[in-house]
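Enquirer: See work29.cif below, with mmCIF, C-alpha atoms.
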```
data_upload
#
loop_
_atom_site.label_atom_id
_atom_site.label_comp_id
_atom_site.auth_asym_id
_atom_site.auth_seq_id
_atom_site.Cartn_x
_atom_site.Cartn_y
_atom_site.Cartn_z
CA MET V 68 -14.11 18.44 4.11
CA PRO V 69 -16.59 15.59 4.77
CA GLU V 70 -18.30 15.49 8.13
CA ASN V 71 -18.95 12.25 10.00
CA LYS V 72 -16.55 10.27 7.81
CA TYR V 73 -13.48 8.85 9.42
CA LEU V 74 -10.37 7.66 7.69
CA ALA V 75 -9.17 4.09 8.23
CA ARG V 76 -5.80 2.73 7.20
CA ALA V 77 -4.39 -0.71 6.51
CA PRO V 78 -0.62 -1.00 6.06
CA LEU V 79 0.72 -2.87 3.05
CA LEU V 80 3.39 -5.27 4.34
CA ASP V 81 6.06 -7.10 2.39
CA PRO V 82 7.24 -10.59 3.45
CA GLN V 83 9.84 -8.99 5.78
CA GLN V 84 7.09 -7.08 7.65
CA GLN V 85 8.24 -3.75 6.24
CA VAL V 86 5.53 -1.17 5.57
CA LYS V 87 5.51 -0.46 1.84
CA GLY V 88 2.50 1.85 1.88
CA TYR V 89 -1.06 2.24 3.14
CA LYS V 90 -4.56 1.54 1.94
CA LEU V 91 -6.73 4.53 2.86
CA ALA V 92 -10.51 4.45 2.84
CA TRP V 93 -13.49 5.77 4.75
CA GLN V 94 -14.72 3.58 7.57
CA LYS V 95 -17.68 1.53 6.35
CA ALA V 96 -20.83 0.22 7.97
CA ALA V 97 -20.33 -3.18 6.31
CA ALA V 98 -17.34 -4.96 4.80
CA ASP V 99 -18.93 -5.24 1.34
CA ASP V 100 -19.82 -1.54 1.01
CA VAL V 101 -18.41 -0.03 -2.20
CA ALA V 102 -17.10 3.52 -2.40
CA SER V 103 -19.49 5.99 -4.03
CA GLU V 104 -18.53 8.84 -6.35
CA ALA V 105 -18.89 11.29 -3.46
CA ASP V 106 -16.70 9.09 -1.26
CA THR V 107 -14.00 9.06 -3.92
CA ALA V 108 -14.03 12.83 -4.43
CA GLN V 109 -13.88 13.52 -0.70
CA LEU V 110 -11.07 11.01 -0.10
CA LEU V 111 -8.99 12.42 -2.94
CA GLN V 112 -9.47 15.95 -1.64
CA LEU V 113 -8.42 15.02 1.90
CA VAL V 114 -5.32 13.11 0.82
CA ALA V 115 -4.29 15.76 -1.71
CA GLU V 116 -4.51 18.48 0.93
CA ARG V 117 -2.60 16.64 3.65
CA VAL V 118 -0.06 14.22 2.20
CA ALA V 119 0.59 15.12 -1.42
CA ALA V 120 4.19 16.10 -0.57
CA ALA V 121 4.76 13.43 2.11
CA GLU V 122 6.70 10.26 1.38
CA LEU V 123 4.40 7.52 2.66
CA GLY V 124 5.26 4.83 0.15
CA LEU V 125 2.44 3.63 -2.06
CA LEU V 126 -1.00 5.03 -1.25
CA PHE V 127 -3.92 2.79 -2.22
CA LEU V 128 -7.17 4.76 -2.36
CA ASP V 129 -10.72 3.43 -2.71
CA ALA V 130 -12.05 4.98 -5.92
CA ARG V 131 -14.69 5.00 -8.67
CA LEU V 132 -13.59 5.84 -12.21
CA SER V 133 -16.64 8.04 -12.72
CA ALA V 134 -15.38 10.37 -9.97
CA LEU V 135 -11.78 10.66 -11.12
CA SER V 136 -12.15 13.89 -13.04
CA SER V 137 -11.69 15.63 -9.68
CA GLY V 138 -9.09 18.38 -9.61
CA ALA V 139 -7.73 16.86 -6.40
CA LEU V 140 -6.30 14.03 -8.48
CA ASN V 141 -3.91 16.51 -10.07
CA ALA V 142 -2.34 17.22 -6.67
CA LEU V 143 -1.49 13.57 -5.98
CA PRO V 144 1.87 12.05 -7.00
CA PRO V 145 1.04 9.54 -9.78
CA LYS V 146 4.03 7.26 -9.15
CA THR V 147 2.97 6.51 -5.59
CA THR V 148 -0.83 6.63 -5.96
CA VAL V 149 -2.80 3.46 -6.74
CA LEU V 150 -6.54 3.82 -7.34
CA MET V 151 -8.48 0.75 -6.16
CA LEU V 152 -11.42 0.01 -8.44
CA PRO V 153 -14.42 -2.34 -8.12
CA GLN V 154 -15.03 -4.94 -10.84
CA ASP V 155 -17.98 -2.98 -12.27
CA ASP V 156 -15.64 -0.13 -13.17
CA VAL V 157 -13.01 -2.37 -14.71
CA GLY V 158 -15.60 -4.13 -16.86
CA ASP V 159 -17.14 -0.87 -18.16
CA ALA V 160 -16.01 -0.40 -21.76
CA GLU V 161 -16.98 3.30 -21.64
CA ALA V 162 -14.55 3.85 -18.77
CA LEU V 163 -11.62 2.25 -20.58
CA PRO V 164 -10.28 5.49 -22.18
CA LEU V 165 -10.16 7.20 -18.78
CA ALA V 166 -8.35 4.23 -17.24
CA VAL V 167 -5.79 4.23 -20.05
CA SER V 168 -5.30 7.98 -19.61
CA LEU V 169 -4.66 7.57 -15.89
CA ARG V 170 -2.05 4.90 -16.60
CA GLU V 171 -0.36 7.16 -19.12
CA GLN V 172 -0.13 9.81 -16.40
CA GLY V 173 1.64 7.29 -14.17
CA PHE V 174 -1.14 6.34 -11.73
CA GLY V 175 -1.45 2.75 -10.59
CA LEU V 176 -4.81 1.02 -11.00
CA ALA V 177 -5.87 -1.96 -8.89
CA LEU V 178 -8.81 -4.34 -9.24
CA CYS V 179 -10.45 -5.14 -5.89
CA GLY V 180 -11.66 -8.67 -5.19
CA ALA V 181 -10.06 -10.17 -8.28
CA ASP V 182 -10.69 -13.83 -9.15
CA PRO V 183 -9.11 -16.22 -11.69
CA ALA V 184 -11.96 -15.77 -14.17
CA CYS V 185 -11.48 -12.03 -14.21
CA MET V 186 -7.72 -12.29 -14.45
CA SER V 187 -8.03 -14.69 -17.38
CA ALA V 188 -10.14 -12.26 -19.39
CA GLU V 189 -8.97 -10.72 -22.63
CA GLU V 190 -5.58 -9.12 -22.18
CA ALA V 191 -6.70 -5.80 -23.67
CA SER V 192 -9.33 -5.32 -20.98
CA LEU V 193 -6.74 -5.79 -18.21
CA SER V 194 -3.68 -4.13 -19.70
CA PHE V 195 -4.23 -0.88 -17.80
CA LEU V 196 -4.23 -2.63 -14.39
CA THR V 197 -1.07 -2.63 -12.29
CA HIS V 198 -2.35 -4.55 -9.24
CA PHE V 199 -4.86 -7.28 -8.47
CA GLU V 200 -6.20 -7.56 -4.91
CA VAL V 201 -6.96 -11.21 -4.11
CA SER V 202 -7.94 -13.33 -1.12
CA LEU V 203 -5.30 -15.54 0.51
CA ALA V 204 -7.92 -18.31 0.44
CA GLN V 205 -8.32 -17.93 -3.33
CA PRO V 206 -8.16 -21.39 -5.00
CA GLY V 207 -5.28 -21.68 -7.42
CA LEU V 208 -3.30 -18.85 -5.85
CA PRO V 209 0.12 -20.32 -6.81
CA GLU V 210 -0.98 -20.35 -10.45
CA LEU V 211 -2.08 -16.72 -10.15
CA ILE V 212 1.34 -15.84 -8.72
CA SER V 213 2.99 -17.46 -11.72
CA GLN V 214 0.60 -15.65 -14.06
CA ALA V 215 1.48 -12.31 -12.48
CA LYS V 216 5.20 -13.02 -12.72
CA TYR V 217 5.17 -13.65 -16.45
CA ALA V 218 2.34 -11.33 -17.53
CA LYS V 219 2.99 -8.60 -20.07
CA PRO V 220 2.59 -5.90 -19.02
CA PRO V 221 3.48 -7.16 -15.52
CA PHE V 222 1.20 -6.68 -12.54
CA SER V 223 1.40 -7.23 -8.78
CA LEU V 224 -0.77 -9.45 -6.59
CA LEU V 225 -1.85 -8.05 -3.23
CA VAL V 226 -3.59 -10.07 -0.53
CA GLN V 227 -6.62 -8.35 0.96
CA GLY V 228 -7.66 -8.36 4.62
CA ILE V 229 -4.96 -10.48 6.28
CA PRO V 230 -6.70 -11.41 9.58
CA ASP V 231 -3.78 -12.49 11.77
CA TRP V 232 -0.05 -13.21 11.87
CA GLN V 233 -0.53 -16.86 10.93
CA ALA V 234 -2.21 -15.75 7.71
CA PHE V 235 0.56 -13.20 7.20
CA ASP V 236 3.18 -15.95 7.48
CA ALA V 237 1.34 -17.94 4.83
CA CYS V 238 1.26 -14.85 2.62
CA ALA V 239 4.97 -14.18 3.21
CA ALA V 240 5.87 -17.78 2.36
CA LEU V 241 4.40 -17.19 -1.09
CA GLY V 242 6.40 -13.99 -1.48
CA LEU V 243 3.28 -11.80 -1.55
CA ASN V 244 2.59 -8.35 -0.18
CA GLY V 245 -0.66 -7.86 1.67
CA PHE V 246 -2.91 -5.46 3.57
CA PHE V 247 -2.92 -6.24 7.30
CA GLY V 248 -5.34 -3.91 9.04
CA ASN V 249 -5.56 -5.94 12.25
CA LEU V 250 -1.85 -6.20 13.02
CA CYS V 251 -2.24 -4.22 16.28
CA LEU V 252 -4.98 -6.52 17.59
CA VAL V 253 -3.22 -9.89 17.35
CA PRO V 254 -0.01 -10.61 19.31
CA ARG V 255 2.87 -11.66 17.08
CA LYS V 256 3.65 -14.74 19.15
CA PRO V 257 0.93 -15.23 21.78
CA GLY V 258 1.85 -17.26 24.82
CA GLN V 259 5.59 -16.89 24.26
CA MET V 260 6.45 -14.00 26.53
CA LYS V 261 10.18 -13.75 27.28
CA ALA V 262 12.35 -12.07 29.88
CA MET V 263 13.41 -8.51 29.10
CA SER V 264 16.78 -8.04 27.42
CA PRO V 265 19.62 -6.16 29.18
CA GLN V 266 19.17 -3.22 26.78
CA THR V 267 15.45 -3.08 27.60
CA VAL V 268 16.24 -2.97 31.32
CA LEU V 269 18.83 -0.24 30.72
CA LEU V 270 16.34 1.90 28.84
CA LEU V 271 13.70 1.46 31.51
CA GLN V 272 16.28 2.53 34.09
CA LEU V 273 17.00 5.66 32.06
CA MET V 274 13.30 6.41 31.71
CA GLN V 275 12.78 6.07 35.45
CA MET V 276 15.67 8.48 36.03
CA VAL V 277 14.11 10.96 33.60
CA GLN V 278 10.80 10.65 35.47
CA GLU V 279 12.66 11.55 38.67
CA ASN V 280 14.47 14.50 37.01
CA VAL V 281 17.87 13.00 37.85
CA ASP V 282 20.85 15.21 37.07
CA ILE V 283 21.87 15.00 33.42
CA ARG V 284 25.40 13.89 34.35
CA HIS V 285 24.05 10.70 35.90
CA LEU V 286 21.90 10.06 32.84
CA GLU V 287 24.94 10.41 30.59
CA LYS V 288 26.89 7.87 32.64
CA VAL V 289 24.13 5.29 32.27
CA LEU V 290 23.65 5.95 28.56
CA LYS V 291 27.38 5.54 27.87
CA ARG V 292 27.15 1.91 28.95
CA ASP V 293 25.69 1.17 25.51
CA PRO V 294 27.35 3.11 22.61
CA ALA V 295 24.95 1.61 20.07
CA LEU V 296 22.02 2.94 22.08
CA SER V 297 23.59 6.40 22.21
CA TYR V 298 24.01 6.36 18.42
CA LYS V 299 20.37 5.39 17.87
CA LEU V 300 19.19 8.09 20.26
CA PHE V 301 21.07 10.91 18.54
CA ARG V 302 20.11 9.66 15.08
CA TYR V 303 16.48 9.76 16.14
CA ILE V 304 16.73 13.19 17.78
CA ASN V 305 18.32 14.63 14.64
CA SER V 306 15.64 13.23 12.31
CA ALA V 307 13.68 15.66 10.17
CA SER V 308 10.48 15.30 12.18
CA PHE V 309 11.87 17.35 15.07
CA GLY V 310 12.80 20.32 12.89
CA ILE V 311 15.97 21.13 14.87
CA GLU V 312 18.29 23.35 12.83
CA VAL V 313 21.47 22.44 14.74
CA GLU V 314 22.80 18.92 15.15
CA ILE V 315 22.42 17.41 18.62
CA GLN V 316 25.68 15.74 19.61
CA SER V 317 25.30 15.03 23.32
CA LEU V 318 22.62 14.10 25.80
CA ARG V 319 23.27 17.29 27.73
CA HIS V 320 22.74 19.32 24.55
CA ALA V 321 19.52 17.45 23.79
CA VAL V 322 18.04 18.12 27.21
CA ALA V 323 19.13 21.75 27.09
CA MET V 324 17.40 22.19 23.73
CA LEU V 325 14.19 20.29 24.33
CA GLY V 326 13.85 19.18 27.96
CA TYR V 327 13.18 15.97 29.85
CA LYS V 328 9.71 15.17 28.51
CA PRO V 329 10.88 14.89 24.87
CA LEU V 330 13.80 12.77 26.09
CA PHE V 331 11.29 10.41 27.71
CA ARG V 332 9.47 10.19 24.38
CA TRP V 333 12.68 9.37 22.46
CA LEU V 334 13.51 6.66 24.97
CA SER V 335 10.04 5.13 24.60
CA VAL V 336 10.65 4.70 20.86
CA LEU V 337 14.08 3.19 21.45
CA LEU V 338 12.56 0.87 24.03
CA ALA V 339 10.35 -0.59 21.33
CA LEU V 340 13.45 -1.37 19.26
CA THR V 341 15.09 -3.56 21.89
CA SER V 342 13.06 -6.72 21.32
CA THR V 343 15.10 -9.81 20.53
CA GLU V 344 12.09 -12.06 19.89
CA GLY V 345 9.99 -11.76 16.75
CA PHE V 346 10.59 -8.03 16.21
CA SER V 347 8.19 -6.53 13.67
CA PRO V 348 9.07 -3.30 11.81
CA ALA V 349 5.39 -2.95 10.90
CA LEU V 350 4.29 -3.12 14.51
CA LEU V 351 6.89 -0.53 15.53
CA GLN V 352 5.62 1.79 12.79
CA ALA V 353 2.05 1.26 14.01
CA ALA V 354 3.05 2.15 17.57
CA ILE V 355 4.80 5.34 16.47
CA VAL V 356 1.82 6.40 14.35
CA ARG V 357 -0.58 5.63 17.21
CA GLY V 358 1.53 7.65 19.64
CA ARG V 359 1.82 10.68 17.38
CA PHE V 360 -1.85 10.45 16.40
CA ALA V 361 -2.96 10.48 20.04
CA GLU V 362 -0.61 13.39 20.76
CA LEU V 363 -2.02 15.46 17.88
CA LEU V 364 -5.57 14.71 18.99
CA GLY V 365 -4.74 16.10 22.42
CA GLN V 366 -3.09 19.30 21.24
CA GLY V 367 -5.25 22.31 22.02
CA LEU V 368 -7.46 20.33 24.38
CA LEU V 369 -4.77 19.42 26.91
CA SER V 370 -1.69 21.26 28.13
CA LYS V 371 1.54 20.85 26.15
CA GLY V 372 2.94 18.42 28.71
CA GLU V 373 -0.22 16.32 28.80
CA ALA V 374 -0.33 16.15 25.00
CA GLU V 375 3.29 14.94 25.03
CA ASN V 376 2.27 12.24 27.49
CA LEU V 377 -0.24 10.99 24.93
CA PHE V 378 2.64 10.01 22.65
CA VAL V 379 3.99 7.77 25.41
CA VAL V 380 0.50 6.36 26.01
CA GLY V 381 0.19 5.42 22.33
CA MET V 382 3.65 3.84 22.18
CA PHE V 383 3.25 1.93 25.43
CA SER V 384 -0.16 0.60 24.35
CA LEU V 385 1.69 -1.78 21.99
CA LEU V 386 4.76 -2.30 24.15
CA ASP V 387 3.75 -5.77 25.32
CA GLN V 388 3.61 -6.95 21.70
CA LEU V 389 6.81 -5.14 20.71
CA LEU V 390 8.86 -6.45 23.64
CA GLY V 391 7.17 -9.81 24.04
CA VAL V 392 6.58 -9.20 27.76
CA PRO V 393 3.38 -8.41 29.70
CA ILE V 394 2.88 -4.70 30.33
CA GLN V 395 2.77 -5.47 34.07
CA GLU V 396 6.44 -6.50 33.84
CA VAL V 397 7.27 -3.10 32.39
CA PHE V 398 5.39 -1.41 35.23
CA LYS V 399 7.66 -3.23 37.69
CA GLN V 400 10.68 -1.50 36.16
CA ILE V 401 9.32 2.01 35.78
CA LEU V 402 6.81 4.04 37.78
CA LEU V 403 4.55 5.74 35.26
CA PRO V 404 2.20 8.59 36.16
CA ASP V 405 -1.20 7.32 37.29
CA ALA V 406 -2.97 8.93 34.34
CA ILE V 407 -0.76 7.05 31.84
CA ALA V 408 -1.12 3.74 33.67
CA GLN V 409 -4.89 4.17 33.86
CA ALA V 410 -5.14 4.81 30.12
CA LEU V 411 -3.04 1.74 29.32
CA LEU V 412 -4.85 -0.63 31.67
CA THR V 413 -8.47 0.51 31.37
CA ARG V 414 -8.59 3.16 28.61
CA GLY V 415 -9.86 5.47 31.32
CA GLY V 416 -8.75 8.75 32.87
CA VAL V 417 -7.84 11.89 30.96
CA TYR V 418 -5.76 10.08 28.31
CA GLY V 419 -7.88 6.97 27.72
CA PRO V 420 -10.45 8.50 25.33
CA PHE V 421 -7.71 9.85 23.04
CA LEU V 422 -6.05 6.43 22.88
CA SER V 423 -9.40 4.75 22.18
CA LEU V 424 -10.06 7.13 19.30
CA ALA V 425 -6.64 6.50 17.77
CA GLU V 426 -7.19 2.75 18.06
CA ALA V 427 -10.66 2.98 16.49
CA CYS V 428 -9.21 4.65 13.39
CA GLU V 429 -7.06 1.58 12.74
CA GLN V 430 -10.16 -0.44 11.86
CA PRO V 431 -12.13 -0.47 8.57
CA HIS V 432 -15.63 -0.47 10.08
CA ASP V 433 -17.63 2.27 11.77
CA GLY V 434 -16.46 2.95 15.29
CA ALA V 435 -14.41 6.13 15.41
CA SER V 436 -17.40 8.47 15.49
CA LYS V 437 -18.56 7.57 19.03
CA PHE V 438 -15.09 8.20 20.47
CA ALA V 439 -14.75 11.48 18.58
CA ASP V 440 -18.18 12.60 19.74
CA ALA V 441 -17.22 11.87 23.35
CA LEU V 442 -14.31 14.31 22.93
CA PHE V 443 -16.48 16.86 21.04
CA MET V 444 -14.08 16.49 18.12
CA THR V 445 -14.99 16.82 14.44
CA SER V 446 -14.11 14.23 11.83
CA THR V 447 -12.14 16.92 10.00
CA ARG V 448 -9.78 17.34 12.92
CA VAL V 449 -9.45 13.58 13.45
CA ASN V 450 -8.69 12.87 9.79
CA GLN V 451 -6.14 15.65 9.55
CA ALA V 452 -4.38 14.42 12.69
CA HIS V 453 -4.39 10.88 11.33
CA LEU V 454 -2.65 11.79 8.07
CA SER V 455 -0.25 14.15 9.83
CA ALA V 456 0.77 11.30 12.15
CA LEU V 457 1.50 9.04 9.18
CA ALA V 458 3.69 11.69 7.57
CA TRP V 459 5.50 12.47 10.83
CA ALA V 460 6.30 8.83 11.55
CA GLN V 461 7.69 8.36 8.06
CA ASN V 462 10.38 11.00 8.71
CA LEU V 463 11.87 9.28 11.74
CA LYS V 464 15.31 7.73 11.39
CA LEU V 465 15.12 4.45 13.29
#
```
Could you express the structure from this file as structure tokens?
Expert:
Amino acid sequence: MPENKYLARAPLLDPQQQVKGYKLAWQKAAADDVASEADTAQLLQLVAERVAAAELGLLFLDARLSALSSGALNALPPKTTVLMLPQDDVGDAEALPLAVSLREQGFGLALCGADPACMSAEEASLSFLTHFEVSLAQPGLPELISQAKYAKPPFSLLVQGIPDWQAFDACAALGLNGFFGNLCLVPRKPGQMKAMSPQTVLLLQLMQMVQENVDIRHLEKVLKRDPALSYKLFRYINSASFGIEVEIQSLRHAVAMLGYKPLFRWLSVLLALTSTEGFSPALLQAAIVRGRFAELLGQGLLSKGEAENLFVVGMFSLLDQLLGVPIQEVFKQILLPDAIAQALLTRGGVYGPFLSLAEACEQPHDGASKFADALFMTSTRVNQAHLSALAWAQNLKL
């Protein structure tokens, strides 16, 4: 396992803001750095060990053809693995037989930084490619979309590095999928904060009651005010990620099986689903991954209860964007423990460093190492927790 290399992810979004997969790569010192053979081998090994059996959608992996004889490639599912290649590799005639072989095995092959000149090259030299990664600012993009639609064999266009939601909307208007690594940093609709919905207020009331260890019978009475909410809660509790062998059919049963702290966690996820303004499935997925990632980072270093609190910290760190209300408005409705509030407001306290590390791993450039070092945590542990969080979030029934 590589030391001092940290995994970064960028979700691939469709025009409906659904996560269709992830681009995985090592964090880089500069945006134009190209993966080396050693980088490719180490990335393939890590992904093969941790997510080969997980259903994460399409996985786009930085790669070099010269490093693809690695045995780790055999452990990856070809139908959902797309190897992202630089132009030098695609233009290398000696590498063509290997590329054709990979396509015959079912792997996807993508050209990074494609341009019209490259895409207009001889058909034989491009026939093994399944995806072209292009810039949204690429001149003649509508013509490229038409070319992709009618090409034989067909290929898909992917927009690289979407910087903000305005650019995403432009991408979506063209019907394109794209990689949006900064989706957690830019509010969906800045300056348009709304009042909380009745369902949001109800959930915050329930969460406050859980914080106060109110009798389960009173919790059930409040929950029954919204049958749809009850259904979502039990569907979530019974999802595969919890590993419960018996079906949970009542709130009383759920608390008896798992306790109040897990109930608080379930409610925090449901809270993120109550937005009526500009709801984003991709942002919800990012919040769940961030919460689980932070929780896994804390396991073994903090007590079980404190590690569980890290899930709430991660979820709540994106709550203002998910609900469209300032986090201070949420604090008016629910009294959170001081340590959670401190982490959310200043990234300080016992939980803040774990949240900062999880956030740093959402970015493509170097940055995770300083937060990991502050926690005396190896890159191996961070990368394994990162991939485990992606797999865990994918199993939730929301």
Enquirer: May I have the residues at most 10 Å from (2.9, 16.0, 1.8) in the file's coordinates, counting only C-alpha atoms, as number ranges by chain?
Expert: V: 114-123, 143-144, 454-455, 458
Enquirer: What residues come out when you apply the PyMOL selection byres ((chain V and resi 301) around 10) to this file, written as an MDAnalysis selection string?
Expert: chainID V and resid 296:300 302:306 314:318 321 333 464
Enquirer: List the residues selected by the PyMOL selection byres ((chain V and resi 268) around 12) in the file shown, writing them as a list in words.
Expert: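 That selection, the PyMOL selection byres ((chain V and resi 268) around 12), comes back as Ala262, Met263, Ser264, Pro265, Gln266, Thr267, Leu269, Leu270, Leu271, Gln272, Leu273, Met274, Gln275, Val289, Leu290, Asp293, Leu334, Leu337, Leu338, Ala339, Thr341, Ser342, Leu390, Glu396, Val397, Phe398, Lys399, Gln400 and Ile401 of chain V.
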Enquirer: Running the PyMOL selection byres ((chain V and resi 89) around 6) on this model by hand, what would come out? Give it as number ranges by chain.
Expert: V: 77-79, 88, 90, 126
Enquirer: Find the residue from V:Arg357, V:Ser335, V:Val449, V:Arg319 that sits nearest to V:His285; use all atoms listed in the file when measuring.
Expert: V:Arg319
